[in-house]
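Participant: For reference, the file query-v2.txt (compact mmCIF, C-alpha atoms) is included below:
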# COMPACT_ATOMS: atom_id res chain seq x y z
CA MET A 1 -85.58 -17.01 -23.87
CA GLY A 2 -87.23 -14.32 -25.93
CA ALA A 3 -86.84 -10.78 -24.73
CA VAL A 4 -90.29 -9.50 -25.43
CA LEU A 5 -93.36 -10.95 -23.78
CA SER A 6 -96.64 -10.18 -25.40
CA PRO A 7 -99.77 -10.32 -23.32
CA ALA A 8 -102.75 -11.10 -25.42
CA VAL A 9 -105.19 -8.80 -23.66
CA SER A 10 -105.77 -5.12 -24.04
CA GLY A 11 -104.49 -2.97 -21.23
CA ALA A 12 -101.31 -4.99 -20.65
CA THR A 13 -98.36 -3.65 -22.55
CA PRO A 14 -95.40 -5.77 -23.63
CA ILE A 15 -92.36 -5.75 -21.36
CA ASP A 16 -88.85 -5.73 -22.69
CA ALA A 17 -87.06 -8.17 -20.42
CA SER A 18 -83.71 -6.54 -21.08
CA GLN A 19 -84.82 -3.24 -19.56
CA CYS A 20 -86.39 -4.22 -16.30
CA GLY A 21 -85.88 -6.32 -13.24
CA SER A 22 -86.09 -10.06 -13.49
CA ILE A 23 -85.93 -12.53 -10.66
CA ASN A 24 -85.60 -16.29 -10.90
CA VAL A 25 -87.63 -18.02 -8.21
CA GLU A 26 -86.58 -21.65 -8.10
CA ILE A 27 -88.82 -24.08 -6.23
CA GLY A 28 -88.45 -27.82 -6.49
CA GLY A 29 -85.66 -27.38 -8.99
CA ILE A 30 -88.04 -25.58 -11.36
CA SER A 31 -87.06 -22.02 -12.10
CA VAL A 32 -89.67 -19.37 -12.88
CA ARG A 33 -88.42 -16.01 -14.03
CA LEU A 34 -90.57 -13.09 -12.93
CA VAL A 35 -90.06 -9.94 -14.96
CA THR A 36 -91.28 -6.59 -13.71
CA LYS A 37 -90.66 -2.92 -14.37
CA ASP A 38 -91.67 -2.03 -10.83
CA PRO A 39 -88.60 -1.80 -8.56
CA GLY A 40 -90.69 -1.82 -5.41
CA PHE A 41 -92.44 -5.01 -6.42
CA CYS A 42 -89.15 -6.49 -7.49
CA TYR A 43 -87.77 -5.82 -4.00
CA MET A 44 -90.86 -7.35 -2.40
CA ILE A 45 -90.46 -10.54 -4.44
CA GLU A 46 -86.80 -10.77 -3.48
CA GLN A 47 -87.70 -10.49 0.18
CA ARG A 48 -90.58 -12.92 0.04
CA TYR A 49 -88.73 -15.64 -1.84
CA ALA A 50 -85.32 -15.15 -0.26
CA GLY A 51 -83.69 -18.53 -0.08
CA PHE A 52 -85.41 -19.62 -3.28
CA LEU A 53 -83.73 -17.19 -5.69
CA ASN A 54 -81.28 -18.45 -8.25
CA SER A 55 -80.04 -15.79 -10.61
CA LEU A 56 -77.83 -18.28 -12.42
CA ALA A 57 -80.60 -20.70 -13.30
CA GLN A 58 -81.81 -21.00 -16.84
CA PRO A 59 -85.51 -20.30 -16.34
CA ASP A 60 -87.90 -23.09 -17.15
CA TYR A 61 -90.84 -20.70 -17.29
CA GLU A 62 -91.33 -16.97 -17.40
CA PHE A 63 -94.05 -14.55 -16.34
CA ALA A 64 -94.17 -10.85 -17.17
CA LEU A 65 -95.73 -9.00 -14.25
CA HIS A 66 -97.92 -5.99 -14.92
CA ILE A 67 -98.56 -4.11 -11.75
CA ALA A 68 -101.85 -2.23 -11.67
CA PRO A 69 -103.73 -0.29 -8.99
CA PRO A 70 -105.74 -2.50 -6.64
CA PRO A 71 -109.27 -3.17 -7.87
CA ALA A 72 -112.02 -1.18 -6.18
CA GLU A 73 -113.53 -4.42 -5.02
CA ALA A 74 -111.76 -7.77 -4.85
CA PRO A 75 -114.22 -10.30 -3.43
CA GLU A 76 -112.75 -13.31 -1.69
CA GLU A 77 -113.08 -16.20 -4.07
CA ASP A 78 -111.24 -19.24 -5.28
CA ALA A 79 -108.98 -18.90 -8.27
CA ARG A 80 -110.48 -20.05 -11.57
CA VAL A 81 -108.08 -22.01 -13.70
CA PHE A 82 -109.05 -23.16 -17.16
CA ARG A 83 -107.46 -23.99 -20.46
CA ASN A 84 -108.27 -22.51 -23.82
CA GLY A 85 -106.29 -24.46 -26.36
CA ARG A 86 -102.73 -24.49 -25.15
CA VAL A 87 -103.14 -21.36 -23.04
CA TRP A 88 -103.98 -21.59 -19.37
CA HIS A 89 -105.99 -18.79 -17.78
CA PHE A 90 -105.73 -18.05 -14.06
CA GLU A 91 -108.28 -15.61 -12.63
CA ARG A 92 -109.26 -14.29 -9.25
CA GLY A 93 -110.60 -10.93 -8.11
CA ASP A 94 -107.08 -9.65 -7.44
CA PHE A 95 -105.29 -10.95 -10.54
CA ARG A 96 -105.51 -12.28 -14.06
CA ALA A 97 -102.87 -14.33 -15.78
CA GLU A 98 -102.31 -16.28 -18.94
CA TRP A 99 -99.70 -18.93 -19.48
CA ASP A 100 -98.78 -20.72 -22.65
CA ALA A 101 -97.67 -24.23 -21.78
CA ARG A 102 -95.85 -24.63 -25.11
CA THR A 103 -93.81 -21.43 -25.14
CA ARG A 104 -93.50 -21.61 -21.33
CA GLN A 105 -94.24 -17.89 -21.12
CA GLY A 106 -97.04 -15.96 -19.59
CA TRP A 107 -98.09 -12.73 -17.96
CA VAL A 108 -99.78 -11.67 -14.76
CA ARG A 109 -101.76 -8.51 -14.18
CA GLN A 110 -102.12 -7.80 -10.48
CA SER A 111 -101.99 -5.13 -7.83
CA PRO A 112 -98.74 -4.73 -5.86
CA ASN A 113 -99.39 -7.40 -3.25
CA PRO A 114 -97.52 -10.62 -2.53
CA TYR A 115 -100.54 -12.90 -2.39
CA SER A 116 -101.49 -12.76 -6.05
CA ILE A 117 -98.08 -13.77 -7.38
CA ASP A 118 -97.86 -16.40 -4.65
CA THR A 119 -101.10 -17.96 -5.91
CA VAL A 120 -99.96 -17.73 -9.53
CA LEU A 121 -96.77 -19.58 -8.63
CA ARG A 122 -98.70 -22.26 -6.77
CA ILE A 123 -101.03 -22.76 -9.75
CA ALA A 124 -98.17 -22.86 -12.26
CA HIS A 125 -96.21 -25.36 -10.20
CA SER A 126 -99.29 -27.54 -9.67
CA LEU A 127 -99.77 -27.72 -13.45
CA VAL A 128 -96.12 -28.47 -14.12
CA LEU A 129 -96.01 -31.15 -11.43
CA ALA A 130 -99.21 -32.77 -12.67
CA ASP A 131 -97.53 -33.45 -15.99
CA GLU A 132 -94.82 -35.50 -14.32
CA GLY A 133 -96.87 -37.30 -11.67
CA GLY A 134 -96.07 -34.96 -8.80
CA PHE A 135 -98.25 -32.54 -6.88
CA LEU A 136 -98.58 -29.84 -4.28
CA LEU A 137 -100.15 -31.04 -1.07
CA HIS A 138 -101.74 -29.32 1.91
CA ALA A 139 -99.12 -30.75 4.21
CA ALA A 140 -96.21 -29.83 6.39
CA SER A 141 -93.00 -31.66 5.58
CA ALA A 142 -89.61 -32.16 7.11
CA VAL A 143 -86.39 -34.02 6.51
CA ARG A 144 -85.00 -36.30 9.20
CA ASN A 145 -82.21 -38.84 8.76
CA GLU A 146 -82.00 -37.77 5.12
CA ARG A 147 -85.56 -38.84 4.40
CA ALA A 148 -88.61 -36.69 3.96
CA PHE A 149 -91.87 -37.05 5.91
CA LEU A 150 -95.12 -35.39 4.97
CA PHE A 151 -97.87 -34.45 7.43
CA ALA A 152 -101.13 -33.79 5.63
CA GLY A 153 -104.33 -32.53 7.09
CA ILE A 154 -107.07 -30.00 6.94
CA SER A 155 -106.68 -26.64 8.60
CA GLY A 156 -106.37 -27.25 12.34
CA ALA A 157 -105.24 -30.86 11.98
CA GLY A 158 -101.75 -30.05 13.23
CA LYS A 159 -99.54 -29.24 10.23
CA THR A 160 -98.13 -26.11 11.79
CA THR A 161 -97.89 -27.86 15.16
CA MET A 162 -95.78 -30.67 13.72
CA ALA A 163 -93.54 -28.13 12.01
CA ARG A 164 -93.20 -26.08 15.16
CA LEU A 165 -92.39 -29.13 17.28
CA ALA A 166 -89.77 -30.47 14.86
CA PRO A 167 -86.70 -31.58 16.82
CA PRO A 168 -83.27 -30.06 16.14
CA ASP A 169 -82.24 -32.93 13.87
CA ALA A 170 -85.22 -32.35 11.57
CA THR A 171 -85.32 -29.66 8.90
CA VAL A 172 -88.71 -28.20 8.08
CA LEU A 173 -89.45 -28.00 4.36
CA THR A 174 -92.78 -26.25 4.83
CA ASP A 175 -95.56 -25.92 7.37
CA GLU A 176 -98.27 -25.53 4.75
CA ILE A 177 -97.71 -26.63 1.14
CA SER A 178 -95.55 -29.64 0.40
CA TYR A 179 -93.90 -30.10 -2.95
CA VAL A 180 -93.62 -33.64 -4.33
CA ARG A 181 -91.84 -34.59 -7.54
CA ARG A 182 -91.72 -37.97 -9.16
CA SER A 183 -88.74 -39.48 -10.90
CA GLY A 184 -89.53 -42.95 -12.20
CA PRO A 185 -90.63 -45.07 -9.26
CA HIS A 186 -89.21 -42.63 -6.72
CA TYR A 187 -90.62 -39.54 -5.07
CA ARG A 188 -88.81 -36.59 -3.58
CA ALA A 189 -90.07 -33.80 -1.33
CA TYR A 190 -88.79 -30.25 -1.72
CA GLY A 191 -88.87 -27.22 0.50
CA THR A 192 -91.18 -24.38 -0.46
CA PRO A 193 -91.50 -20.71 0.37
CA PHE A 194 -95.27 -21.17 0.66
CA ALA A 195 -95.71 -20.49 4.34
CA GLY A 196 -98.65 -21.11 6.61
CA GLU A 197 -99.20 -19.96 10.17
CA LEU A 198 -95.50 -20.12 10.96
CA ALA A 199 -95.03 -17.33 8.39
CA ARG A 200 -91.61 -18.78 7.75
CA VAL A 201 -90.32 -20.06 4.44
CA GLY A 202 -89.15 -23.64 4.39
CA ALA A 203 -85.61 -24.84 3.88
CA ASN A 204 -84.57 -24.94 0.24
CA MET A 205 -83.53 -28.58 0.16
CA SER A 206 -84.97 -31.94 -0.80
CA ALA A 207 -84.89 -35.57 0.22
CA PRO A 208 -86.33 -38.90 -0.90
CA LEU A 209 -89.85 -39.32 0.39
CA ASP A 210 -90.24 -41.86 3.17
CA THR A 211 -93.80 -41.63 4.50
CA LEU A 212 -96.93 -39.58 4.06
CA PHE A 213 -98.84 -39.24 7.33
CA PHE A 214 -102.41 -38.05 7.59
CA LEU A 215 -102.69 -36.18 10.85
CA VAL A 216 -105.34 -36.92 13.42
CA GLN A 217 -105.13 -35.53 16.93
CA GLY A 218 -105.78 -38.05 19.69
CA PRO A 219 -104.92 -38.97 23.27
CA VAL A 220 -102.06 -41.38 22.49
CA ASN A 221 -99.32 -41.13 19.90
CA ARG A 222 -99.51 -43.97 17.45
CA ILE A 223 -99.24 -44.85 13.80
CA GLU A 224 -102.27 -46.53 12.29
CA PRO A 225 -102.28 -48.33 8.94
CA ILE A 226 -104.56 -47.09 6.22
CA SER A 227 -105.85 -48.94 3.17
CA GLN A 228 -104.57 -47.84 -0.21
CA ILE A 229 -108.04 -46.77 -1.27
CA ALA A 230 -108.53 -44.68 1.85
CA ALA A 231 -105.05 -43.25 1.31
CA ALA A 232 -105.88 -42.29 -2.27
CA ARG A 233 -109.12 -40.70 -1.16
CA GLU A 234 -107.34 -38.67 1.53
CA LEU A 235 -104.49 -37.75 -0.76
CA LEU A 236 -106.86 -36.42 -3.41
CA ARG A 237 -108.66 -34.46 -0.73
CA HIS A 238 -105.46 -32.66 0.26
CA THR A 239 -103.94 -32.22 -3.19
CA LEU A 240 -103.97 -28.71 -4.60
CA PHE A 241 -105.43 -28.78 -8.02
CA PHE A 242 -106.85 -25.54 -9.08
CA ALA A 243 -107.72 -26.56 -12.63
CA HIS A 244 -111.07 -28.26 -12.98
CA ASP A 245 -110.07 -29.43 -16.38
CA PRO A 246 -111.17 -33.02 -17.09
CA GLU A 247 -107.79 -34.10 -18.43
CA MET A 248 -106.04 -32.52 -15.46
CA VAL A 249 -108.41 -34.26 -13.03
CA LYS A 250 -107.54 -37.58 -14.66
CA GLN A 251 -103.82 -36.84 -14.40
CA VAL A 252 -104.11 -35.99 -10.72
CA PHE A 253 -106.16 -39.13 -10.08
CA HIS A 254 -103.58 -41.38 -11.74
CA SER A 255 -100.78 -39.57 -9.88
CA ALA A 256 -102.52 -40.20 -6.57
CA ILE A 257 -103.03 -43.89 -7.34
CA GLU A 258 -99.40 -44.29 -8.38
CA PHE A 259 -98.23 -42.50 -5.25
CA VAL A 260 -100.17 -44.60 -2.75
CA SER A 261 -99.05 -47.73 -4.59
CA ARG A 262 -95.40 -46.86 -4.14
CA VAL A 263 -95.02 -44.78 -0.98
CA LYS A 264 -95.71 -45.62 2.66
CA VAL A 265 -98.89 -43.91 3.82
CA ALA A 266 -100.31 -44.05 7.34
CA ARG A 267 -102.33 -42.13 9.88
CA LEU A 268 -100.39 -40.39 12.61
CA ILE A 269 -102.55 -40.03 15.67
CA PHE A 270 -100.76 -37.61 17.91
CA THR A 271 -100.94 -35.40 20.95
CA PRO A 272 -99.65 -31.94 20.17
CA ASP A 273 -96.29 -32.17 21.88
CA VAL A 274 -92.75 -33.15 20.93
CA ARG A 275 -93.28 -36.85 21.70
CA ALA A 276 -95.15 -37.24 18.41
CA TRP A 277 -91.81 -36.93 16.67
CA GLU A 278 -90.57 -40.07 18.42
CA LEU A 279 -92.63 -41.99 15.85
CA VAL A 280 -91.16 -40.13 12.91
CA ARG A 281 -87.75 -41.56 12.19
CA MET B 1 -135.15 -56.08 -17.51
CA ASN B 2 -135.46 -53.83 -20.55
CA ALA B 3 -132.80 -54.30 -23.21
CA SER B 4 -130.29 -51.74 -22.07
CA TYR B 5 -126.70 -51.12 -23.00
CA ILE B 6 -124.16 -49.51 -20.74
CA ALA B 7 -120.93 -47.73 -21.56
CA ARG B 8 -118.24 -46.14 -19.46
CA SER B 9 -118.21 -42.37 -19.72
CA GLY B 10 -115.13 -40.80 -21.27
CA ALA B 11 -115.09 -38.22 -18.47
CA VAL B 12 -113.74 -40.60 -15.86
CA ALA B 13 -110.46 -42.11 -14.84
CA SER B 14 -110.28 -45.57 -13.34
CA ARG B 15 -107.66 -47.86 -11.88
CA ILE B 16 -107.46 -51.11 -10.01
CA LEU B 17 -106.04 -50.39 -6.58
CA ASP B 18 -105.52 -53.00 -3.92
CA GLY B 19 -107.80 -55.35 -5.83
CA GLU B 20 -110.66 -52.87 -6.11
CA MET B 21 -111.75 -50.69 -8.99
CA VAL B 22 -111.48 -47.01 -8.15
CA ILE B 23 -113.18 -44.48 -10.40
CA MET B 24 -112.99 -40.71 -10.38
CA SER B 25 -115.36 -38.44 -12.19
CA ALA B 26 -113.40 -35.87 -14.15
CA VAL B 27 -116.44 -33.62 -14.03
CA ASP B 28 -116.96 -33.23 -10.29
CA SER B 29 -113.96 -35.18 -8.90
CA THR B 30 -116.22 -37.61 -7.05
CA LEU B 31 -114.40 -40.83 -6.17
CA PHE B 32 -116.02 -44.26 -6.22
CA SER B 33 -114.68 -47.65 -5.26
CA LEU B 34 -116.48 -50.68 -6.62
CA ASN B 35 -116.98 -54.11 -5.12
CA GLU B 36 -116.13 -57.23 -7.09
CA VAL B 37 -119.51 -57.60 -8.77
CA ALA B 38 -119.72 -53.93 -9.68
CA THR B 39 -116.20 -54.13 -11.08
CA VAL B 40 -117.27 -56.93 -13.43
CA VAL B 41 -120.20 -54.84 -14.66
CA TRP B 42 -117.91 -51.82 -15.09
CA GLN B 43 -115.34 -53.73 -17.07
CA ALA B 44 -118.00 -55.25 -19.30
CA ALA B 45 -119.67 -51.90 -20.00
CA ASP B 46 -118.52 -51.65 -23.59
CA GLY B 47 -121.67 -50.07 -24.99
CA CYS B 48 -122.36 -53.14 -27.13
CA THR B 49 -123.12 -55.91 -24.65
CA PRO B 50 -126.66 -55.85 -23.22
CA LEU B 51 -126.80 -55.53 -19.46
CA SER B 52 -128.90 -58.71 -19.34
CA GLU B 53 -126.05 -60.60 -21.01
CA ILE B 54 -123.51 -59.14 -18.61
CA VAL B 55 -125.64 -60.35 -15.71
CA THR B 56 -126.16 -63.82 -17.14
CA LEU B 57 -122.79 -64.56 -18.66
CA ARG B 58 -120.50 -62.64 -16.35
CA ILE B 59 -122.01 -62.14 -12.92
CA CYS B 60 -124.03 -65.34 -12.55
CA ALA B 61 -121.14 -67.30 -14.05
CA GLN B 62 -118.54 -65.90 -11.68
CA PHE B 63 -120.44 -65.37 -8.45
CA ASP B 64 -122.72 -67.48 -6.34
CA VAL B 65 -125.80 -65.37 -6.84
CA SER B 66 -129.27 -65.98 -8.22
CA PRO B 67 -130.19 -64.36 -11.53
CA ASN B 68 -132.91 -62.26 -9.92
CA GLU B 69 -130.60 -61.01 -7.21
CA ALA B 70 -127.80 -60.31 -9.69
CA ARG B 71 -130.15 -58.44 -11.98
CA ALA B 72 -131.49 -56.28 -9.15
CA ASP B 73 -127.98 -55.48 -7.91
CA ALA B 74 -126.74 -54.66 -11.39
CA GLU B 75 -129.66 -52.38 -12.12
CA ALA B 76 -129.19 -50.53 -8.85
CA PHE B 77 -125.49 -50.14 -9.51
CA VAL B 78 -126.05 -48.92 -13.07
CA GLU B 79 -128.67 -46.45 -11.91
CA GLU B 80 -126.34 -45.09 -9.24
CA LEU B 81 -123.38 -44.59 -11.56
CA ALA B 82 -125.56 -43.24 -14.36
CA ARG B 83 -126.87 -40.62 -11.95
CA HIS B 84 -123.30 -39.41 -11.50
CA GLY B 85 -122.60 -39.50 -15.23
CA ILE B 86 -120.07 -42.30 -14.78
CA LEU B 87 -122.00 -44.81 -16.87
CA LEU B 88 -124.00 -44.04 -19.98
CA VAL B 89 -127.20 -46.00 -20.51
CA SER B 90 -129.05 -46.49 -23.77
CA ASP B 91 -131.74 -48.76 -25.15
CA ARG B 92 -129.56 -49.41 -28.18
CA PRO B 93 -125.89 -50.27 -28.66
CA MET B 94 -123.45 -47.37 -28.29
CA VAL B 95 -120.73 -48.06 -30.80
CA GLY B 96 -117.35 -46.49 -30.17
CA VAL B 97 -118.21 -44.97 -26.81
CA SER B 98 -116.30 -46.96 -24.24
CA PRO B 99 -113.15 -48.66 -25.40
CA HIS B 100 -110.67 -46.04 -24.26
CA ALA B 101 -112.85 -44.34 -21.67
CA SER B 102 -111.35 -46.36 -18.87
CA GLU B 103 -107.66 -46.47 -18.22
CA ASN B 104 -107.42 -49.53 -16.10
CA SER B 105 -104.15 -50.98 -15.07
Transcribe the structure of this file into structure tokens.
Facilitator:
Amino acid sequence: MGAVLSPAVSGATPIDASQCGSINVEIGGISVRLVTKDPGFCYMIEQRYAGFLNSLAQPDYEFALHIAPPPAEAPEEDARVFRNGRVWHFERGDFRAEWDARTRQGWVRQSPNPYSIDTVLRIAHSLVLADEGGFLLHAASAVRNERAFLFAGISGAGKTTMARLAPPDATVLTDEISYVRRSGPHYRAYGTPFAGELARVGANMSAPLDTLFFLVQGPVNRIEPISQIAAARELLRHTLFFAHDPEMVKQVFHSAIEFVSRVKVARLIFTPDVRAWELVR
Amino acid sequence: MNASYIARSGAVASRILDGEMVIMSAVDSTLFSLNEVATVVWQAADGCTPLSEIVTLRICAQFDVSPNEARADAEAFVEELARHGILLVSDRPMVGVSPHASENS
């Protein structure tokens, strides 16, 4: 991969990759090299993504990080993601980034905080996955009996609870953002370092996807069938897609339809205790 | 019914799922699922066939419904989807608008 990354905006100077720290963060088998001159930030990234670092991996994508002082005011807002030609732009009060899908290189200008780069990685992975029929999902996930189970829901639905109550023979992939890749007719769930309330990175492993559950808390544990159309509607509701780009929306739609046509989807009505896991086997 | 022509917008994605047509607006991500009759209208919305002909030759021919009832239902459906930008409506044929707008399978 080329040594010099050239941000296309004023105020961000090129970084020579051979003279600064670079870290390969590999999530879902996709390696993103982060290049930074800032040793402190480098250390922070290593700590945050420990378990998902692979220095031997040939990076699939690369971002040059330009660390700047925090903005005087960074209003809370959603990230804006849009495409100009082949270049994607990611923007929020606390960061700006550009990413060329063809060269697979980009840059990020942000203050020294972990949340900006975390969001950039989520956006980049969501775009990469969309191209292959996968997605990131607001869902906890875990592997049991060598099969992966996803537990999707809005905040408060019980994602963290299901992760916290996972029995010893289940391995938690994430309590917040599930990572789903498609390979032909099959789907696979991967662990992610994108943590929720548990503030704990998931296990860096993967397994074939068995069932997607939509979580609903109720008085009795039970699994309830759900129509494919309702499943698609729910799935789209919980899918992370930052880019409101018409072509991307279409891709995500078709991915959701394909997914619910091929994977078991059901509602898991559960009381928040360990017995809920008796239904997940 | 006025002579009106309807065409599927290019800014949508659509698929048959579980026997029903599901449509998503690429503009605002709104999701619609259509009943059987609405699906027939949707699939016939090629920009060239008058809505009146769709009602007569497609809906009345396939479903047990009176022409007046079919016409009223079709007009209501078209109005609803047009409001969301899913269907385009014109008083003249719209050549080359619809053919690849929908990606049914």
Participant: Could you give me, as a list in words, the residues that have an atom at most 10 Å away from the point (-105.4, -50.6, -3.7) in the coordinates of the file, using all atoms listed in the file?
Facilitator: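 Using all atoms listed in the file, the matching residues come out as Ser227, Gln228, Ile229, Ala230, Ala231, Ala232, Ile257, Glu258, Val260 and Ser261 of chain A; Arg15, Ile16, Leu17, Asp18, Gly19, Glu20, Met21, Val22 and Ser33 of chain B.
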Participant: Dig up all the protein and nucleic acid residues within 12 Å of (-107.7, -33.5, 15.7) in the file frame, using all atoms listed in the file, and format them as a PyMOL selection string.
Facilitator: chain A and resi 153-159+161+214-220+267-272
Participant: Can you work out the spacing between CA of Phe77 in chain B and CA of Met248 in chain A in Å, to one decimal?
Facilitator: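 Rounded to one decimal, the two atoms are 26.9 Å apart.
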Participant: Would you write out, as a tab-separated table, a table of all residues in chain A that have an atom no more than 6 Å from an atom of chain B, listing for each the closest atom pair and the distance in Å to one decimal, considering only C-alpha atoms and ordering rows by chain and rising residue number?
Facilitator:
residue	atom	partner	partner_atom	distance
A:Pro246	CA	B:Ala26	CA	4.7
A:Val249	CA	B:Ala26	CA	5.4
A:Lys250	CA	B:Ala13	CA	5.4
Participant: Expressed in Å to a single decimal, how great is the separation between CA of His186 in chain A and CA of Phe149 in chain A?
Facilitator: 14.1 Å
Participant: Limit the output to N, CA and C atoms and give range 47-71 of chain B as an mmCIF file, in the first residue's frame.
Facilitator:
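Okay, this is what ended up in decode.cif:
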data_model
loop_
_atom_site.group_PDB
_atom_site.id
_atom_site.type_symbol
_atom_site.label_atom_id
_atom_site.label_comp_id
_atom_site.auth_asym_id
_atom_site.auth_seq_id
_atom_site.Cartn_x
_atom_site.Cartn_y
_atom_site.Cartn_z
ATOM 1 N N GLY B 47 -45.495 3.606 -16.996
ATOM 2 C CA GLY B 47 -45.436 4.961 -17.537
ATOM 3 C C GLY B 47 -46.151 5.095 -18.873
ATOM 4 N N CYS B 48 -46.500 3.995 -19.490
ATOM 5 C CA CYS B 48 -47.106 4.031 -20.831
ATOM 6 C C CYS B 48 -48.559 3.563 -20.831
ATOM 7 N N THR B 49 -48.893 2.710 -19.871
ATOM 8 C CA THR B 49 -50.254 2.157 -19.830
ATOM 9 C C THR B 49 -51.149 3.068 -18.980
ATOM 10 N N PRO B 50 -52.262 3.528 -19.548
ATOM 11 C CA PRO B 50 -53.157 4.387 -18.748
ATOM 12 C C PRO B 50 -53.679 3.623 -17.528
ATOM 13 N N LEU B 51 -53.864 4.355 -16.459
ATOM 14 C CA LEU B 51 -54.376 3.731 -15.231
ATOM 15 C C LEU B 51 -55.731 3.081 -15.493
ATOM 16 N N SER B 52 -56.542 3.719 -16.321
ATOM 17 C CA SER B 52 -57.872 3.161 -16.620
ATOM 18 C C SER B 52 -57.741 1.771 -17.260
ATOM 19 N N GLU B 53 -56.726 1.617 -18.098
ATOM 20 C CA GLU B 53 -56.518 0.318 -18.751
ATOM 21 C C GLU B 53 -56.005 -0.716 -17.743
ATOM 22 N N ILE B 54 -55.177 -0.264 -16.846
ATOM 23 C CA ILE B 54 -54.684 -1.184 -15.801
ATOM 24 C C ILE B 54 -55.863 -1.699 -14.977
ATOM 25 N N VAL B 55 -56.770 -0.780 -14.648
ATOM 26 C CA VAL B 55 -57.939 -1.168 -13.845
ATOM 27 C C VAL B 55 -58.810 -2.153 -14.616
ATOM 28 N N THR B 56 -59.068 -1.822 -15.862
ATOM 29 C CA THR B 56 -59.988 -2.664 -16.653
ATOM 30 C C THR B 56 -59.379 -4.016 -17.006
ATOM 31 N N LEU B 57 -58.174 -3.960 -17.567
ATOM 32 C CA LEU B 57 -57.596 -5.190 -18.124
ATOM 33 C C LEU B 57 -56.837 -6.028 -17.107
ATOM 34 N N ARG B 58 -56.404 -5.425 -16.037
ATOM 35 C CA ARG B 58 -55.612 -6.193 -15.068
ATOM 36 C C ARG B 58 -56.410 -6.492 -13.807
ATOM 37 N N ILE B 59 -56.903 -5.441 -13.171
ATOM 38 C CA ILE B 59 -57.544 -5.652 -11.867
ATOM 39 C C ILE B 59 -58.900 -6.346 -12.033
ATOM 40 N N CYS B 60 -59.748 -5.763 -12.869
ATOM 41 C CA CYS B 60 -61.087 -6.354 -13.028
ATOM 42 C C CYS B 60 -61.003 -7.761 -13.626
ATOM 43 N N ALA B 61 -59.963 -7.994 -14.429
ATOM 44 C CA ALA B 61 -59.812 -9.319 -15.038
ATOM 45 C C ALA B 61 -59.315 -10.351 -14.039
ATOM 46 N N GLN B 62 -58.571 -9.923 -13.061
ATOM 47 C CA GLN B 62 -57.959 -10.888 -12.127
ATOM 48 C C GLN B 62 -58.692 -11.020 -10.802
ATOM 49 N N PHE B 63 -59.450 -9.988 -10.437
ATOM 50 C CA PHE B 63 -60.072 -10.003 -9.120
ATOM 51 C C PHE B 63 -61.582 -9.823 -9.249
ATOM 52 N N ASP B 64 -62.268 -10.358 -8.279
ATOM 53 C CA ASP B 64 -63.715 -10.263 -8.270
ATOM 54 C C ASP B 64 -64.116 -8.915 -7.673
ATOM 55 N N VAL B 65 -64.067 -7.903 -8.511
ATOM 56 C CA VAL B 65 -64.333 -6.559 -8.023
ATOM 57 C C VAL B 65 -65.017 -5.767 -9.141
ATOM 58 N N SER B 66 -65.923 -4.894 -8.735
ATOM 59 C CA SER B 66 -66.633 -4.099 -9.751
ATOM 60 C C SER B 66 -65.701 -3.017 -10.286
ATOM 61 N N PRO B 67 -65.946 -2.584 -11.524
ATOM 62 C CA PRO B 67 -65.082 -1.542 -12.099
ATOM 63 C C PRO B 67 -65.025 -0.272 -11.246
ATOM 64 N N ASN B 68 -66.183 0.126 -10.733
ATOM 65 C CA ASN B 68 -66.196 1.353 -9.919
ATOM 66 C C ASN B 68 -65.352 1.203 -8.657
ATOM 67 N N GLU B 69 -65.514 0.055 -8.025
ATOM 68 C CA GLU B 69 -64.757 -0.191 -6.795
ATOM 69 C C GLU B 69 -63.263 -0.279 -7.098
ATOM 70 N N ALA B 70 -62.921 -0.974 -8.160
ATOM 71 C CA ALA B 70 -61.517 -1.122 -8.542
ATOM 72 C C ALA B 70 -60.891 0.229 -8.867
ATOM 73 N N ARG B 71 -61.655 1.044 -9.574
ATOM 74 C CA ARG B 71 -61.150 2.363 -9.955
ATOM 75 C C ARG B 71 -60.894 3.214 -8.704
#
